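Coordinates as given in run01.cif (mmCIF, C-alpha atoms):
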data_target
loop_
_atom_site.label_atom_id
_atom_site.label_comp_id
_atom_site.auth_asym_id
_atom_site.auth_seq_id
_atom_site.Cartn_x
_atom_site.Cartn_y
_atom_site.Cartn_z
CA ARG A 1 149.20 173.43 9.66
CA ILE A 2 145.51 173.32 10.33
CA GLN A 3 143.72 172.31 7.17
CA GLU A 4 142.18 175.28 5.37
CA ARG A 5 138.67 174.97 3.98
CA PRO A 6 136.93 177.53 1.78
CA ALA A 7 134.09 179.29 3.53
CA THR A 8 130.67 178.85 1.96
CA LEU A 9 128.91 181.64 3.82
CA ARG A 10 126.79 184.17 1.98
CA PRO A 11 126.71 187.49 3.85
CA ARG A 12 123.53 189.49 4.05
CA ALA A 13 122.60 192.80 5.55
CA PRO A 14 121.92 192.63 9.29
CA THR A 15 118.35 193.06 10.36
CA ARG A 16 117.30 196.19 12.19
CA CYS A 17 116.83 194.25 15.43
CA SER A 18 120.18 192.50 15.31
CA ALA A 19 122.05 195.69 14.42
CA ALA A 20 120.50 197.44 17.41
CA LEU A 21 121.39 194.56 19.72
CA TYR A 22 124.98 194.42 18.54
CA ALA A 23 125.33 198.19 18.82
CA ARG A 24 124.66 197.89 22.56
CA VAL A 25 127.79 195.81 23.13
CA ALA A 26 130.10 196.47 20.16
CA HIS A 27 131.86 199.38 21.87
CA ARG A 28 133.08 197.18 24.73
CA PRO A 29 136.77 196.21 24.57
CA GLN A 30 135.99 192.50 24.91
CA TRP A 31 134.00 192.58 21.67
CA THR A 32 136.77 193.95 19.45
CA GLY A 33 137.53 190.53 18.04
CA MET A 34 133.91 190.01 17.02
CA GLN A 35 133.72 193.05 14.74
CA ALA A 36 135.24 191.35 11.69
CA GLU A 37 132.90 188.41 12.20
CA THR A 38 129.88 190.69 12.34
CA ARG A 39 130.84 192.27 9.03
CA SER A 40 131.28 188.93 7.26
CA LEU A 41 128.81 186.68 9.11
CA HIS A 42 125.81 188.96 9.43
CA CYS A 43 123.07 187.49 11.54
CA THR A 44 120.33 185.49 9.93
CA GLY A 45 117.57 183.26 11.16
CA ASP A 46 113.93 183.80 11.94
CA SER A 47 113.91 187.59 11.78
CA SER A 48 112.83 189.38 8.61
CA ASP A 49 114.29 192.20 6.61
CA ASP A 50 112.60 195.56 6.77
CA ASP A 51 110.43 194.68 3.78
CA GLY A 52 109.16 191.53 5.50
CA ASP A 53 111.17 189.17 3.30
CA ALA A 54 113.28 186.63 5.15
CA GLY A 55 116.19 187.38 2.83
CA ASP A 56 118.31 185.10 0.69
CA GLY A 57 119.44 182.75 3.44
CA GLY A 58 123.07 182.68 4.44
CA ASP A 59 124.69 181.00 7.39
CA GLU A 60 122.57 180.68 10.52
CA ARG A 61 125.42 180.35 12.99
CA VAL A 62 125.49 184.00 14.07
CA ASN A 63 122.08 185.27 15.09
CA TYR A 64 122.09 188.05 17.62
CA GLU A 65 118.34 187.73 18.11
CA ASP A 66 119.06 184.27 19.58
CA PHE A 67 121.40 185.92 22.05
CA ALA A 68 118.69 188.33 23.17
CA ARG A 69 116.35 185.53 24.21
CA PRO A 70 116.27 184.96 27.99
CA PHE A 71 116.97 181.24 27.61
CA SER A 72 118.89 179.05 25.18
CA LEU A 73 118.38 175.31 24.77
CA VAL A 74 121.45 173.15 24.18
CA ALA A 75 121.09 169.47 23.25
CA VAL A 76 123.57 167.13 24.92
CA GLY A 77 122.88 163.59 23.79
CA ASP A 78 119.46 162.64 25.15
CA ALA A 79 119.42 165.59 27.57
CA THR A 80 118.66 169.25 26.97
CA LEU A 81 120.17 172.08 28.98
CA ARG A 82 118.00 175.16 29.49
CA LEU A 83 120.45 178.01 29.99
CA ARG A 84 119.64 181.52 31.08
CA GLN A 85 121.31 184.19 28.94
CA ASN A 86 122.07 187.85 29.59
CA PHE A 87 123.50 189.16 26.33
CA VAL A 88 123.63 192.83 27.30
CA GLY A 89 123.95 192.52 31.08
CA VAL A 90 127.22 190.54 31.08
CA GLU A 91 130.06 192.93 30.31
CA GLY A 92 132.13 190.45 28.30
CA THR A 93 131.12 187.92 25.66
CA GLY A 94 130.03 185.18 28.08
CA GLY A 95 126.39 186.14 28.48
CA CYS A 96 125.09 184.02 25.61
CA VAL A 97 125.55 180.60 24.02
CA TRP A 98 127.83 180.98 21.01
CA PRO A 99 127.23 178.66 18.05
CA VAL A 100 130.48 176.70 18.29
CA ALA A 101 129.50 175.63 21.83
CA ARG A 102 126.59 173.67 20.36
CA HIS A 103 128.95 172.07 17.86
CA LEU A 104 131.36 171.03 20.62
CA CYS A 105 128.59 169.69 22.88
CA SER A 106 127.36 167.53 20.01
CA LEU A 107 130.87 166.19 19.36
CA MET A 108 131.44 165.37 23.01
CA ALA A 109 128.07 163.62 23.25
CA GLY A 110 129.03 161.45 20.29
CA ALA A 111 132.42 160.68 21.85
CA ALA A 112 130.79 159.74 25.16
CA ALA A 113 128.36 157.40 23.39
CA THR A 114 130.90 155.87 21.03
CA PRO A 115 134.54 156.57 21.93
CA ALA A 116 136.90 156.45 18.98
CA PRO A 117 140.70 156.23 19.03
CA ARG A 118 142.13 159.61 18.08
CA GLY A 119 138.64 161.07 17.95
CA CYS A 120 137.15 163.80 20.11
CA PRO A 121 138.01 163.11 23.77
CA SER A 122 135.09 161.98 25.87
CA PRO A 123 134.43 163.78 29.16
CA ARG A 124 132.98 160.57 30.65
CA GLY A 125 134.99 159.70 33.75
CA ALA A 126 137.34 162.64 33.24
CA VAL A 127 138.40 165.51 35.47
CA VAL A 128 137.66 168.54 33.30
CA LEU A 129 139.07 172.05 33.51
CA GLU A 130 137.39 174.66 31.32
CA LEU A 131 138.84 178.04 30.40
CA GLY A 132 136.43 180.86 29.55
CA CYS A 133 133.30 178.97 30.57
CA GLY A 134 130.90 181.90 30.12
CA LEU A 135 127.41 180.95 31.25
CA GLY A 136 128.41 177.29 31.44
CA PRO A 137 127.12 175.29 28.43
CA VAL A 138 130.25 173.21 27.86
CA SER A 139 131.03 172.52 31.52
CA LEU A 140 127.44 171.52 32.21
CA ALA A 141 127.51 169.32 29.09
CA CYS A 142 130.62 167.58 30.43
CA ALA A 143 128.82 166.95 33.72
CA ALA A 144 125.74 165.65 31.89
CA LEU A 145 127.96 163.29 29.90
CA GLY A 146 129.48 161.66 32.97
CA ALA A 147 132.55 163.70 33.90
CA GLU A 148 133.97 162.84 37.31
CA GLU A 149 134.77 166.44 38.26
CA VAL A 150 134.41 169.80 36.46
CA LEU A 151 136.13 173.08 37.29
CA ALA A 152 134.77 175.87 35.10
CA THR A 153 136.77 179.10 35.09
CA ASP A 154 136.30 182.60 33.72
CA ASN A 155 137.53 186.08 34.58
CA ASP A 156 134.08 187.66 34.29
CA ALA A 157 132.23 187.71 37.61
CA ASP A 158 128.85 188.28 35.92
CA ALA A 159 129.32 185.29 33.63
CA LEU A 160 130.32 183.09 36.58
CA SER A 161 127.22 184.19 38.49
CA LEU A 162 125.09 183.26 35.49
CA ALA A 163 126.87 179.90 35.20
CA ARG A 164 126.21 179.07 38.84
CA ALA A 165 122.53 179.89 38.36
CA ASN A 166 122.45 177.62 35.29
CA LEU A 167 124.01 174.78 37.25
CA SER A 168 121.28 175.06 39.86
CA ALA A 169 118.52 175.34 37.25
CA ASN A 170 119.73 172.24 35.40
CA SER A 171 120.37 169.99 38.38
CA GLY A 172 117.56 167.71 37.25
CA VAL A 173 119.32 167.09 33.92
CA LEU A 174 122.64 166.09 35.47
CA PRO A 175 123.24 162.51 36.64
CA ARG A 176 122.29 161.94 40.26
CA GLY A 177 125.45 161.61 42.30
CA GLY A 178 127.47 162.70 39.26
CA ALA A 179 130.24 165.21 38.76
CA ALA A 180 131.04 167.88 41.27
CA VAL A 181 130.83 171.11 39.24
CA ARG A 182 132.56 174.18 40.62
CA PHE A 183 133.16 177.65 39.22
CA ALA A 184 136.15 179.88 39.89
CA ALA A 185 137.69 183.11 38.68
CA LEU A 186 140.95 182.63 36.79
CA GLU A 187 143.30 185.09 35.13
CA TRP A 188 145.24 183.62 32.23
CA GLY A 189 149.01 183.58 32.47
CA PRO A 190 152.03 181.49 33.47
CA ARG A 191 150.75 181.06 37.05
CA ALA A 192 147.41 179.58 35.98
CA ALA A 193 148.32 176.00 36.89
CA GLU A 194 149.40 177.08 40.39
CA GLU A 195 146.06 178.84 40.87
CA VAL A 196 144.08 175.85 39.60
CA ARG A 197 145.94 173.15 41.55
CA PRO A 198 144.28 173.71 44.95
CA LEU A 199 140.83 173.86 43.32
CA LEU A 200 140.93 170.32 41.89
CA ALA A 201 140.77 167.17 43.97
CA THR A 202 142.72 165.24 41.31
CA PRO A 203 144.77 166.31 38.27
CA PRO A 204 142.81 167.28 35.17
CA ASP A 205 142.49 164.82 32.30
CA LEU A 206 140.94 167.30 29.89
CA LEU A 207 141.34 171.04 29.48
CA VAL A 208 138.54 172.54 27.37
CA GLY A 209 138.41 175.94 25.70
CA CYS A 210 135.41 176.82 23.55
CA ASP A 211 135.41 180.00 21.45
CA ILE A 212 138.13 181.60 23.56
CA VAL A 213 140.34 182.76 20.66
CA TYR A 214 138.13 185.62 19.43
CA ASP A 215 140.56 188.33 20.58
CA PRO A 216 144.21 188.06 19.44
CA ARG A 217 145.23 190.51 22.16
CA ALA A 218 144.68 187.72 24.69
CA TYR A 219 146.69 185.09 22.81
CA ALA A 220 149.94 185.57 24.75
CA ALA A 221 148.20 185.02 28.09
CA LEU A 222 146.21 182.09 26.70
CA ARG A 223 149.35 180.47 25.30
CA ALA A 224 151.07 180.83 28.68
CA THR A 225 148.06 179.26 30.41
CA LEU A 226 147.88 176.28 28.07
CA VAL A 227 151.61 175.63 28.34
CA ALA A 228 151.57 175.98 32.14
CA VAL A 229 148.70 173.50 32.55
CA CYS A 230 150.21 170.97 30.14
CA GLU A 231 153.60 171.19 31.83
CA ALA A 232 152.04 170.77 35.27
CA TRP A 233 149.93 167.79 34.14
CA PRO A 234 151.58 166.17 31.08
CA ARG A 235 148.74 163.68 30.54
CA CYS A 236 146.10 166.40 30.31
CA GLU A 237 144.67 166.68 26.80
CA VAL A 238 143.64 170.07 25.44
CA LEU A 239 140.36 170.33 23.53
CA LEU A 240 139.94 173.63 21.68
CA ALA A 241 136.81 174.52 19.71
CA MET A 242 136.95 177.70 17.70
CA GLN A 243 135.04 179.71 15.18
CA ARG A 244 137.65 180.73 12.64
CA ARG A 245 138.06 184.51 12.62
CA PHE A 246 141.83 185.17 12.54
CA ARG A 247 143.22 182.11 10.82
CA ASP A 248 146.91 183.00 10.69
CA GLU A 249 146.96 184.18 14.31
CA GLU A 250 144.94 181.16 15.49
CA ASP A 251 147.26 178.75 13.69
CA ALA A 252 150.29 180.48 15.18
CA LEU A 253 148.77 180.26 18.67
CA VAL A 254 148.02 176.54 18.68
CA GLU A 255 151.19 175.60 16.84
CA GLY A 256 153.19 177.72 19.29
CA VAL A 257 151.70 175.82 22.21
CA ARG A 258 152.46 172.51 20.51
CA ASP A 259 156.06 173.52 19.80
CA ALA A 260 156.57 174.63 23.41
CA LEU A 261 155.70 171.15 24.70
CA ASP A 262 158.06 168.23 24.10
CA GLY A 263 156.39 165.41 22.22
CA ALA A 264 153.09 167.22 21.75
CA GLU A 265 150.77 166.30 18.88
CA LEU A 266 148.09 168.51 17.36
CA ARG A 267 145.18 166.96 15.48
CA GLU A 268 141.84 168.10 14.12
CA VAL A 269 138.81 166.10 15.28
CA GLY A 270 135.70 168.11 14.53
CA ALA A 271 135.62 170.56 11.64
CA ASP A 272 132.10 171.36 10.49
CA GLY A 273 132.77 171.04 6.75
CA THR A 274 132.42 174.74 5.94
CA GLY A 275 135.68 176.01 7.39
CA THR A 276 133.75 177.98 10.02
CA PHE A 277 134.23 175.75 13.07
CA THR A 278 137.33 173.75 13.98
CA VAL A 279 137.89 171.46 16.96
CA LEU A 280 141.49 170.60 17.82
CA VAL A 281 143.12 168.25 20.30
CA LEU A 282 146.59 168.83 21.71
CA SER A 283 148.04 165.76 23.36
CA ARG A 284 151.43 164.72 24.73
CA HIS A 285 150.64 161.01 25.05
CA GLY A 286 149.10 160.08 21.71
CA GLY A 287 145.51 160.70 22.79
CA GLY A 288 142.79 158.11 22.81
CA GLY A 289 139.44 159.84 22.65
CA GLY A 290 138.55 158.94 26.22
CA GLY A 291 138.68 160.47 29.67
CA GLY A 292 139.90 159.38 33.05
CA GLY A 293 143.25 158.44 34.45
CA GLY A 294 145.06 161.79 34.64
CA GLY A 295 148.40 161.72 36.34
#
With the file now loaded, output its structure as structure tokens.
Amino acid sequence: RIQERPATLRPRAPTRCSAALYARVAHRPQWTGMQAETRSLHCTGDSSDDDGDAGDGGDERVNYEDFARPFSLVAVGDATLRLRQNFVGVEGTGGCVWPVARHLCSLMAGAAATPAPRGCPSPRGAVVLELGCGLGPVSLACAALGAEEVLATDNDADALSLARANLSANSGVLPRGGAAVRFAALEWGPRAAEEVRPLLATPPDLLVGCDIVYDPRAYAALRATLVAVCEAWPRCEVLLAMQRRFRDEEDALVEGVRDALDGAELREVGADGTGTFTVLVLSRHGGGGGGGGGG
């Protein structure tokens, strides 16, 4: 099973600003899975309590004031993506850069610079398929790190529109003549591989999902999608980055996918040391920490 680590987060009362921001989206069905997180990981950061005191600290991974800013900067190796956000305007959860996306982008940048056997897979030279791309931080990071081709998918039209705008706005950051980055709507389920196949010039080497396990109600469809893609392209590695919210359900999901695939191996490559973030790789060919060569 995925290694358990004790959380070291100290909750604090949400600030007035963050509570008001969250209240504007919390009623939406897509945000149901975030409610437990909001109770236990109250936002912190540069905002002050009502008395002007910055509070007693706590974990700075969940800060709804960050989400309300029009732009978010994401470091990817030597490059920086400037991504437009729309926290309230996007109906689902894809209108902002979630903290685990930064963690994954940092891991991938390290893998691209110094590949390590059985480490985090590098997107360099890989054909990348992303599930739940939101406004595009991870897909654009893959392109910036030298991916050959990137297909970023989501089922939220507003998020995809925002992602396309971010691709255009960050064209100067991406390598000249580099990856072709495309965006497409995709519904999760057993037919996902059939829907993806005509959208990719070559088979995917790397399937990426970042913070897409926040709602257990979607796990059955996600499991079917992961299994379908891995069965269609057996050499495709799966890279999942998650903020731990529903540990038992999350473990059951990834272990269920592994058990459904003959010879699959599940390994952890990028926990953050607090038990909050986990990055997992699912591989059917031993994995090697590098991209390219899908079959």
Selection result for the PyMOL selection byres ((chain A and resi 231-248) around 9) on this file, as JSON, numbers by chain = {"A": [4, 33, 34, 36, 37, 99, 100, 101, 103, 104, 120, 121, 193, 194, 203, 204, 205, 206, 207, 208, 209, 210, 211, 212, 213, 214, 215, 216, 226, 227, 228, 229, 230, 249, 250, 251, 252, 253, 261, 270, 275, 276, 277, 278, 279, 280, 281, 282, 283, 284, 285, 287, 293, 294, 295]}
Result set, the PyMOL selection byres ((chain A and resi 92) around 7) on current file, as a ChimeraX atom specification = /A:30,90-91,93-94,156
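Computed from the coordinates, the CA of Ala157 in chain A to CA of Gly77 in chain A distance equals 29.3 Å.
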Surrounding residues of Trp188 in chain A excluding itself and chain neighbours under 3 positions, 9 Å, all atoms listed in the file, as number ranges by chain | A: 131, 155, 191-192, 218, 221-226
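As for CA of Ala116 in chain A and CA of Val269 in chain A, they are spaced 10.5 Å apart.
Going from CA of Gly177 in chain A to CA of Thr153 in chain A covers 22.0 Å.
Comparing A:Leu174, A:Ala169, A:Ala201, A:Leu81 by their smallest distance to Glu149 in chain A, the closest is A:Ala201 (using all atoms listed in the file).
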Near Thr80 in chain A, within 12 Å and counting all atoms listed in the file, which residues show up once chain neighbours fewer than 6 positions away are dropped, as a PyMOL selection string?
-> chain A and resi 72-74+102+105-106+109+137+140-141+144-145+169-174
